[in-house]
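Asker: Submitted below is the structure of interest, expressed as structure tokens.
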Amino acid sequence: LPRFPLAAVPGMALCVVLGLTINAVFKICISMLSFWIEDAKPFQWLYDKLILVVGTIFPVEIFPAAVQPVLKLTPIYTVCYGPAKLIVDFSVEKYLEILLAQVLYLAFGSVILLWIYERGGRKLYVNGG
């Protein structure tokens, strides 16, 4: 690949690892819905299909211009599409945009994860373990 920037590989790797981490945090959040419902697998399935369809099959650029900024604000963009776009077409501006979004989603997802765990754990302890 003649135009592949080797100097950008650490940044690309960081974005891929952060995307995988954000995905794991959101999947754990969905799994912890089992504190309230019996089976969270349907929600996992819906999340996986949403990631597949919006994150991989249909690129953001295929959607209307009015919808693209909204899609870029979703965690799907930071988990799947953003890191893949960096690998294919790296630019520093895109890298910083995706990295900032990933850090914000990781912080948001972690807060939600801890909140669900606290509430679910309290419910579990109240009901006898």
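Each chain in the structure tokens gets a letter, A, B and so on, in the order shown; residues start at 1 in every chain, and ligands are counted from 1 in the order they appear.
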From the DSSP assignment of the backbone, select every residue of chain A that is helix (DSSP H, G or I), and format the answer as a ChimeraX atom specification.
Answerer: /A:6-35,41-57,60-62,68-72,75-88,92-126
Asker: Find the spatial neighbours of region 25-39 of chain A, counting only C-alpha atoms, within a cut-off of 6 Å - ignore same-chain residues fewer than 2 positions away - and output them as a PyMOL selection string.
Answerer: chain A and resi 22-23+41+113+120
Asker: Only N, CA and C atoms, please: the residues just picked out, written as an mmCIF file, in the first residue's frame.
Answerer:
```
data_model
loop_
_atom_site.group_PDB
_atom_site.id
_atom_site.type_symbol
_atom_site.label_atom_id
_atom_site.label_comp_id
_atom_site.auth_asym_id
_atom_site.auth_seq_id
_atom_site.Cartn_x
_atom_site.Cartn_y
_atom_site.Cartn_z
ATOM 1 N N ILE A 22 -15.267 -0.089 24.266
ATOM 2 C CA ILE A 22 -16.597 0.528 24.336
ATOM 3 C C ILE A 22 -17.671 -0.504 24.024
ATOM 4 N N ASN A 23 -17.439 -1.325 23.019
ATOM 5 C CA ASN A 23 -18.385 -2.378 22.677
ATOM 6 C C ASN A 23 -18.578 -3.324 23.865
ATOM 7 N N LYS A 41 -30.720 -11.763 26.273
ATOM 8 C CA LYS A 41 -30.225 -12.157 24.955
ATOM 9 C C LYS A 41 -30.923 -11.436 23.795
ATOM 10 N N LEU A 113 -22.522 1.746 33.421
ATOM 11 C CA LEU A 113 -22.214 0.395 33.893
ATOM 12 C C LEU A 113 -22.186 0.353 35.415
ATOM 13 N N GLY A 120 -28.554 -2.842 40.449
ATOM 14 C CA GLY A 120 -28.842 -4.270 40.338
ATOM 15 C C GLY A 120 -28.321 -5.055 41.518
#
```
Asker: Need to verify the contact set: region 94-101 of chain A, 7 Å, only C-alpha atoms, exclusion of same-chain residues closer than 5 positions in sequence. Can you return it as a list in words?
Answerer: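 Non-adjacent residues within range: Cys15, Thr78, Gly82 and Leu86 of chain A.
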Asker: Within 12 Å of Phe58 (chain A), counting only C-alpha atoms, which residues show up once you throw out same-chain ones fewer than 2 positions away? Write them as an mmCIF file with N, CA and C atoms, in the first residue's frame, please.
Answerer:
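Result file follows (out_24.cif):
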```cif
data_model
loop_
_atom_site.group_PDB
_atom_site.id
_atom_site.type_symbol
_atom_site.label_atom_id
_atom_site.label_comp_id
_atom_site.auth_asym_id
_atom_site.auth_seq_id
_atom_site.Cartn_x
_atom_site.Cartn_y
_atom_site.Cartn_z
ATOM 1 N N LEU A 50 -27.697 -4.071 15.120
ATOM 2 C CA LEU A 50 -27.558 -2.637 14.873
ATOM 3 C C LEU A 50 -26.110 -2.293 14.541
ATOM 4 N N ILE A 51 -25.178 -2.870 15.281
ATOM 5 C CA ILE A 51 -23.752 -2.665 14.988
ATOM 6 C C ILE A 51 -23.429 -3.196 13.592
ATOM 7 N N LEU A 52 -23.953 -4.363 13.267
ATOM 8 C CA LEU A 52 -23.674 -4.972 11.964
ATOM 9 C C LEU A 52 -24.226 -4.126 10.825
ATOM 10 N N VAL A 53 -25.486 -3.737 10.919
ATOM 11 C CA VAL A 53 -26.126 -3.037 9.804
ATOM 12 C C VAL A 53 -25.614 -1.606 9.670
ATOM 13 N N VAL A 54 -25.659 -0.839 10.747
ATOM 14 C CA VAL A 54 -25.288 0.573 10.651
ATOM 15 C C VAL A 54 -23.771 0.753 10.704
ATOM 16 N N GLY A 55 -23.075 -0.133 11.398
ATOM 17 C CA GLY A 55 -21.643 0.033 11.563
ATOM 18 C C GLY A 55 -20.788 -0.559 10.473
ATOM 19 N N THR A 56 -21.271 -1.619 9.821
ATOM 20 C CA THR A 56 -20.419 -2.279 8.830
ATOM 21 C C THR A 56 -21.029 -2.353 7.437
ATOM 22 N N VAL A 60 -21.540 5.433 6.744
ATOM 23 C CA VAL A 60 -22.215 6.676 7.140
ATOM 24 C C VAL A 60 -22.476 7.555 5.929
ATOM 25 N N GLU A 61 -21.575 7.548 4.963
ATOM 26 C CA GLU A 61 -21.714 8.410 3.794
ATOM 27 C C GLU A 61 -22.901 8.055 2.907
ATOM 28 N N ILE A 62 -23.449 6.860 3.059
ATOM 29 C CA ILE A 62 -24.578 6.444 2.225
ATOM 30 C C ILE A 62 -25.892 7.068 2.713
ATOM 31 N N PHE A 63 -25.933 7.497 3.958
ATOM 32 C CA PHE A 63 -27.145 8.089 4.521
ATOM 33 C C PHE A 63 -27.270 9.547 4.082
ATOM 34 N N PRO A 64 -28.471 10.120 4.145
ATOM 35 C CA PRO A 64 -28.648 11.529 3.772
ATOM 36 C C PRO A 64 -27.774 12.449 4.630
ATOM 37 N N GLN A 68 -26.271 12.092 8.748
ATOM 38 C CA GLN A 68 -24.870 11.754 9.003
ATOM 39 C C GLN A 68 -24.340 12.317 10.312
ATOM 40 N N LEU A 71 -25.636 10.137 13.135
ATOM 41 C CA LEU A 71 -24.983 8.830 13.196
ATOM 42 C C LEU A 71 -23.578 8.926 13.767
ATOM 43 N N ILE A 76 -22.200 3.529 17.799
ATOM 44 C CA ILE A 76 -21.913 2.643 16.664
ATOM 45 C C ILE A 76 -20.776 3.216 15.831
ATOM 46 N N TYR A 77 -20.765 4.524 15.672
ATOM 47 C CA TYR A 77 -19.696 5.174 14.907
ATOM 48 C C TYR A 77 -18.351 4.988 15.599
ATOM 49 N N CYS A 80 -17.348 0.808 15.570
ATOM 50 C CA CYS A 80 -17.087 0.049 14.351
ATOM 51 C C CYS A 80 -16.635 0.915 13.183
ATOM 52 N N TYR A 81 -17.448 1.843 12.804
ATOM 53 C CA TYR A 81 -17.200 2.574 11.567
ATOM 54 C C TYR A 81 -16.004 3.510 11.666
#
```
Asker: So which one's closest to Leu14 (chain A), A:Ile87, A:Ile116, A:Val111, A:Leu124? Using only C-alpha atoms, please.
Answerer: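 Going through A:Ile87, A:Ile116, A:Val111, A:Leu124 one by one, the smallest distance to Leu14 (chain A) is for A:Ile87.
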Asker: Report the distance between CA of Val17 (chain A) and CA of Leu106 (chain A) in Å, rounded to one decimal place.
Answerer: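 Rounded to one decimal, the two atoms are 11.4 Å apart.
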Asker: Identify, on the basis of only C-alpha atoms, every residue whose closest approach to Pro5 (chain A) does not exceed 10 Å; exclude the query and any residue fewer than 6 positions from it along the same chain; express the result as an MDAnalysis selection string.
Answerer: chainID A and resid 87 89:91
Asker: Go ahead and save the residues from that selection, with C-alpha atoms, as a PDB file, in the first residue's frame.
Answerer:
```
ATOM      1  CA  ILE A  87      -7.511   2.415   8.777  1.00  0.00           C
ATOM      2  CA  ASP A  89      -8.393   6.790   5.082  1.00  0.00           C
ATOM      3  CA  PHE A  90      -6.310   8.230   7.925  1.00  0.00           C
ATOM      4  CA  SER A  91      -6.301  11.914   8.733  1.00  0.00           C
TER       5      SER A  91
END
```
Asker: Using only C-alpha atoms, which of A:Leu114, A:Val92, A:Leu104, A:Val79 sits nearest Leu18 (chain A)?
Answerer: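 Of A:Leu114, A:Val92, A:Leu104, A:Val79, the one nearest Leu18 (chain A), counting only C-alpha atoms, is A:Val79.
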Asker: Find the distance between CA of Gln44 (chain A) and CA of Thr21 (chain A) and write it in Å to one decimal.
Answerer: 15.9 Å
Asker: So which one's closest to Gln102 (chain A), A:Ala7, A:Leu73, A:Val88, A:Ala40? Using only C-alpha atoms, please.
Answerer: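 Among the listed residues, the smallest separation from Gln102 (chain A) belongs to A:Leu73.
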Asker: Any idea what the distance is between CA of Gly11 (chain A) and CA of Val103 (chain A)?
Answerer: 13.5 Å
Asker: Find, counting only C-alpha atoms, the residue in A:Ala107, A:Asp48, A:Ala84, A:Arg119 that gets nearest to Ala13 (chain A).
Answerer: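 Ranking A:Ala107, A:Asp48, A:Ala84, A:Arg119 by distance to Ala13 (chain A), first place goes to A:Ala84.
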